[in-house]
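A.B. asks: Okay, here's the structure, questions in a sec.
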Amino acid sequence: MTDEILQLQNVESAYGPIKAIRGVSLKVRKGEIATVLGSNGAGKTTILKTISGIIDPRKGTVEFKGQSITAKDPAYIVQQGLSHVPEGREVFALLSVKDNLLMGAYTRKNRDEVARDIESVFAYFPILRERAGQEAGLLSGGQQQMLAISRAIMAAPELILLDEPSLGLSPKLTKEIFEIVVRINRERGTTILLVEQNANMALNASDYGYVLENGRIVLEDTCERLREKEDIKEFYLGMKDEGVRGERRWKKKKTWR
């Protein structure tokens with residue numbers, strides 16, 4: 001028996017006649033943060049949408065916890081323990097912050113546990129406690145990202161799909177968001193599959209990485225080793241013939257493969 005919580009095997013998805021991902025195979029182990037790197041249009045978001053049921057694959061299989069969720073309804077997939085934080089946040093703008101959080105917990109029955117998790121996300125993001133009664137559409141972009149991640153946590157998922165959490169955020173806010181993502185993984189044991197254009201942040205935070213080009217996985221390795229590869233340093237980290245910069249200050253030490 002393996003400890004893989006998610007597995008894609010030869011998955012192909014398309015928008016009409018245009019193939020977005022071609023024969024993608026990847027695995028995510030329970031308890032790790034995995035990342036998919038790639039340029040705009042490489043197919044990163046399509047992978048997450050295919051996993052969460054927003055897009056049905058034309059070929060291949062998606063397994064979650066050893067069971068097929070290929071082309072299943074998104075609501076069913078959420079009930080199995082998988083949450084998706086989409087690109088662009090997509091909070092319920094006219095609902096309050098607290099009601100957004102409660103919407104994330106709609107599949108849960110134990111109100112005491114839900115209340116404890118609300119307190120937990122307020123501990124991660126204190127500004128959300130301050131704005132609990134405010135309409136979510138009035139939050140800043142960074143605060144909406146915090147709310148979107150918190151809403152996903154409220155479903156008590158075993159796996160979170162996180163799409164471009166740094167999109168449109170300042171470097172300071174991006175760093176804060178990634179620090180919290182790592183804390184969620186470490187403290188709650190939540191597995192995370194991260195799609196991110198900020199390769200340096202993604203590789204710092206993650207355990208294992210995949211590089212996607214033109215809809216295909218072209219490289220995979222531990223993030224520690226990926227950061228040392230010359231092509232990764234040049235094309236994704238903006239470095240050439242230099243040592244890797246930066247410290248993994250909030251990266252937990254694990255070797256999965």
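Ligands are numbered from 1 in the order shown, chains are lettered A, B, ... in the order of the structure tokens, and residues start at 1 in each chain.
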Taking the backbone alone, and naming residues the way the document does, which bits of segment 47-251 of chain A are helix (DSSP H, G or I) by DSSP, as an MDAnalysis selection string?
C.D. replies: chainID A and resid 47:51 74:79 97:104 111:124 126:130 136:138 141:153 171:188 199:205 223:226 230:235
A.B. asks: Quick one: everything within 12 Å of Leu169 of chain A, counting only C-alpha atoms, minus sequence neighbours fewer than 3 positions away in the same chain. Send it as a ChimeraX atom specification.
C.D. replies: /A:88-89,140-146,164-166,172-178,198
A.B. asks: Using only N, CA and C atoms, please write the residues we just selected to a file, as a short mmCIF file (atom, residue, chain, number, x, y, z; two decimals), in the first residue's frame.
C.D. replies:
data_model
loop_
_atom_site.label_atom_id
_atom_site.label_comp_id
_atom_site.auth_asym_id
_atom_site.auth_seq_id
_atom_site.Cartn_x
_atom_site.Cartn_y
_atom_site.Cartn_z
N GLY A 88 -8.02 33.79 -8.58
CA GLY A 88 -8.91 34.95 -8.53
C GLY A 88 -9.83 34.99 -7.33
N ARG A 89 -9.66 34.02 -6.41
CA ARG A 89 -10.30 34.02 -5.09
C ARG A 89 -11.79 33.67 -5.14
N SER A 140 -9.85 43.86 0.82
CA SER A 140 -8.77 44.03 -0.15
C SER A 140 -8.49 42.69 -0.83
N GLY A 141 -7.69 42.74 -1.89
CA GLY A 141 -7.35 41.51 -2.60
C GLY A 141 -6.66 40.50 -1.71
N GLY A 142 -5.74 40.97 -0.89
CA GLY A 142 -5.04 40.06 0.01
C GLY A 142 -5.96 39.45 1.05
N GLN A 143 -6.87 40.27 1.57
CA GLN A 143 -7.82 39.77 2.56
C GLN A 143 -8.79 38.77 1.94
N GLN A 144 -9.17 39.00 0.68
CA GLN A 144 -10.03 38.03 0.00
C GLN A 144 -9.30 36.70 -0.22
N GLN A 145 -8.00 36.78 -0.50
CA GLN A 145 -7.25 35.53 -0.63
C GLN A 145 -7.21 34.79 0.69
N MET A 146 -7.00 35.52 1.79
CA MET A 146 -7.04 34.90 3.10
C MET A 146 -8.40 34.24 3.35
N GLU A 164 -2.63 29.74 -7.75
CA GLU A 164 -2.04 31.08 -7.84
C GLU A 164 -2.38 31.97 -6.64
N PRO A 165 -2.02 31.56 -5.43
CA PRO A 165 -2.36 32.37 -4.26
C PRO A 165 -1.70 33.74 -4.24
N SER A 166 -0.60 33.93 -4.98
CA SER A 166 0.09 35.23 -4.96
C SER A 166 -0.44 36.20 -6.01
N LYS A 172 5.14 41.42 0.14
CA LYS A 172 4.97 41.23 1.58
C LYS A 172 3.77 40.34 1.87
N LEU A 173 2.65 40.62 1.20
CA LEU A 173 1.46 39.81 1.42
C LEU A 173 1.66 38.39 0.90
N THR A 174 2.35 38.27 -0.22
CA THR A 174 2.63 36.95 -0.77
C THR A 174 3.41 36.11 0.24
N LYS A 175 4.42 36.70 0.84
CA LYS A 175 5.22 35.98 1.84
C LYS A 175 4.34 35.55 3.02
N GLU A 176 3.47 36.44 3.48
CA GLU A 176 2.59 36.11 4.60
C GLU A 176 1.66 34.96 4.25
N ILE A 177 1.09 34.99 3.05
CA ILE A 177 0.17 33.93 2.63
C ILE A 177 0.90 32.60 2.59
N PHE A 178 2.11 32.58 2.02
CA PHE A 178 2.83 31.32 1.91
C PHE A 178 3.25 30.80 3.28
N ASN A 198 4.99 32.23 -9.07
CA ASN A 198 6.15 32.67 -8.29
C ASN A 198 6.93 31.41 -7.88
#
A.B. asks: Please identify all polymer residues within 7 Å of segment 97-100 of chain A, counting only C-alpha atoms, omitting same-chain residues fewer than 4 positions from it, and present them as a ChimeraX atom specification.
C.D. replies: /A:92,104,128,131-136,151
A.B. asks: For segment 161-228 of chain A against segment 34-42 of chain A, with a cut-off of 6 Å and counting only C-alpha atoms, what is the closest atom pair and its distance in Å to one decimal for every residue that makes the cut, ordered by chain and number, as JSON lines?
C.D. replies:
{"residue": "A:Leu193", "atom": "CA", "partner": "A:Ala34", "partner_atom": "CA", "distance": 4.9}
{"residue": "A:Leu194", "atom": "CA", "partner": "A:Thr35", "partner_atom": "CA", "distance": 4.5}
{"residue": "A:Val195", "atom": "CA", "partner": "A:Val36", "partner_atom": "CA", "distance": 5.1}
{"residue": "A:Ser206", "atom": "CA", "partner": "A:Ala34", "partner_atom": "CA", "distance": 5.4}
{"residue": "A:Asp207", "atom": "CA", "partner": "A:Ala34", "partner_atom": "CA", "distance": 5.8}
{"residue": "A:Tyr208", "atom": "CA", "partner": "A:Ala34", "partner_atom": "CA", "distance": 4.8}
{"residue": "A:Gly209", "atom": "CA", "partner": "A:Thr35", "partner_atom": "CA", "distance": 4.8}
{"residue": "A:Tyr210", "atom": "CA", "partner": "A:Val36", "partner_atom": "CA", "distance": 4.8}
{"residue": "A:Val211", "atom": "CA", "partner": "A:Leu37", "partner_atom": "CA", "distance": 4.8}
{"residue": "A:Leu212", "atom": "CA", "partner": "A:Gly38", "partner_atom": "CA", "distance": 5.0}
{"residue": "A:Glu213", "atom": "CA", "partner": "A:Ala42", "partner_atom": "CA", "distance": 5.2}
{"residue": "A:Asn214", "atom": "CA", "partner": "A:Ala42", "partner_atom": "CA", "distance": 4.8}
{"residue": "A:Gly215", "atom": "CA", "partner": "A:Ala42", "partner_atom": "CA", "distance": 5.3}
A.B. asks: Would you output that residue set with N, CA and C atoms, as a compact mmCIF listing (two decimals), in the first residue's frame?
C.D. replies:
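Heads up, here's the output in part03.txt:
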# COMPACT_ATOMS: atom_id res chain seq x y z
N LEU A 193 -1.81 20.74 -2.96
CA LEU A 193 -1.29 20.78 -4.32
C LEU A 193 -1.39 22.22 -4.78
N LEU A 194 -0.23 22.82 -5.03
CA LEU A 194 -0.10 24.25 -5.27
C LEU A 194 0.27 24.52 -6.72
N VAL A 195 -0.46 25.43 -7.34
CA VAL A 195 -0.10 25.96 -8.66
C VAL A 195 0.31 27.41 -8.47
N SER A 206 7.34 24.03 -0.89
CA SER A 206 6.88 22.70 -1.26
C SER A 206 7.94 21.62 -1.05
N ASP A 207 7.46 20.38 -1.04
CA ASP A 207 8.32 19.22 -0.89
C ASP A 207 8.73 18.64 -2.25
N TYR A 208 7.77 18.59 -3.18
CA TYR A 208 8.00 17.94 -4.46
C TYR A 208 7.39 18.80 -5.55
N GLY A 209 8.03 18.81 -6.73
CA GLY A 209 7.57 19.69 -7.79
C GLY A 209 7.52 19.04 -9.16
N TYR A 210 6.60 19.56 -9.96
CA TYR A 210 6.47 19.15 -11.36
C TYR A 210 6.58 20.40 -12.22
N VAL A 211 7.23 20.28 -13.37
CA VAL A 211 7.33 21.39 -14.32
C VAL A 211 6.49 21.03 -15.53
N LEU A 212 5.58 21.93 -15.87
CA LEU A 212 4.62 21.72 -16.95
C LEU A 212 4.95 22.66 -18.10
N GLU A 213 5.06 22.11 -19.29
CA GLU A 213 5.27 22.91 -20.51
C GLU A 213 4.33 22.41 -21.59
N ASN A 214 3.57 23.35 -22.16
CA ASN A 214 2.65 23.00 -23.25
C ASN A 214 1.77 21.81 -22.92
N GLY A 215 1.28 21.78 -21.68
CA GLY A 215 0.34 20.75 -21.28
C GLY A 215 0.95 19.42 -20.89
A.B. asks: Go through segment 59-131 of chain A residue by residue and, counting only C-alpha atoms, keep those with an atom at most 12 Å from segment 185-191 of chain A; for each kept residue give the shortest atom pair and its distance in Å to one decimal, ordered by chain and increasing number, as a tab-separated table.
C.D. replies:
residue	atom	partner	partner_atom	distance
A:Phe64	CA	A:Thr191	CA	11.8
A:Lys65	CA	A:Thr191	CA	11.7
A:Gly81	CA	A:Thr190	CA	10.3
A:Leu82	CA	A:Thr191	CA	9.6
A:Ser83	CA	A:Thr191	CA	10.5
A:Asp117	CA	A:Arg188	CA	10.9
A:Ser120	CA	A:Arg188	CA	10.2
A:Val121	CA	A:Arg188	CA	11.4
A:Tyr124	CA	A:Glu187	CA	11.0
A.B. asks: Please report the interatomic distance between atom CA of Val11 of chain A and atom CA of Thr107 of chain A in Å with one decimal.
C.D. replies: 28.5 Å
A.B. asks: So which one's closest to Glu32 of chain A, A:Ile51, A:Pro17, A:Leu226, A:Arg183? Using only C-alpha atoms, please.
C.D. replies: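 With only C-alpha atoms as the atom set, the closest residue is A:Arg183.
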A.B. asks: Quick one: of A:Ile184, A:Leu95, A:Leu6, A:Met103, who's nearest to Ser68 of chain A, counting only C-alpha atoms?
C.D. replies: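 Answer, going by the shortest atom-to-atom distance: A:Leu6.
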A.B. asks: Have a look at atom CA of Arg216 of chain A and atom CA of Ile54 of chain A and let me know their distance in Å, one decimal.
C.D. replies: 19.7 Å
A.B. asks: Have a look at atom CA of Arg111 of chain A and atom CA of Pro157 of chain A and let me know their distance in Å, one decimal.
C.D. replies: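 Between atom CA of Arg111 of chain A and atom CA of Pro157 of chain A the gap is 16.2 Å.
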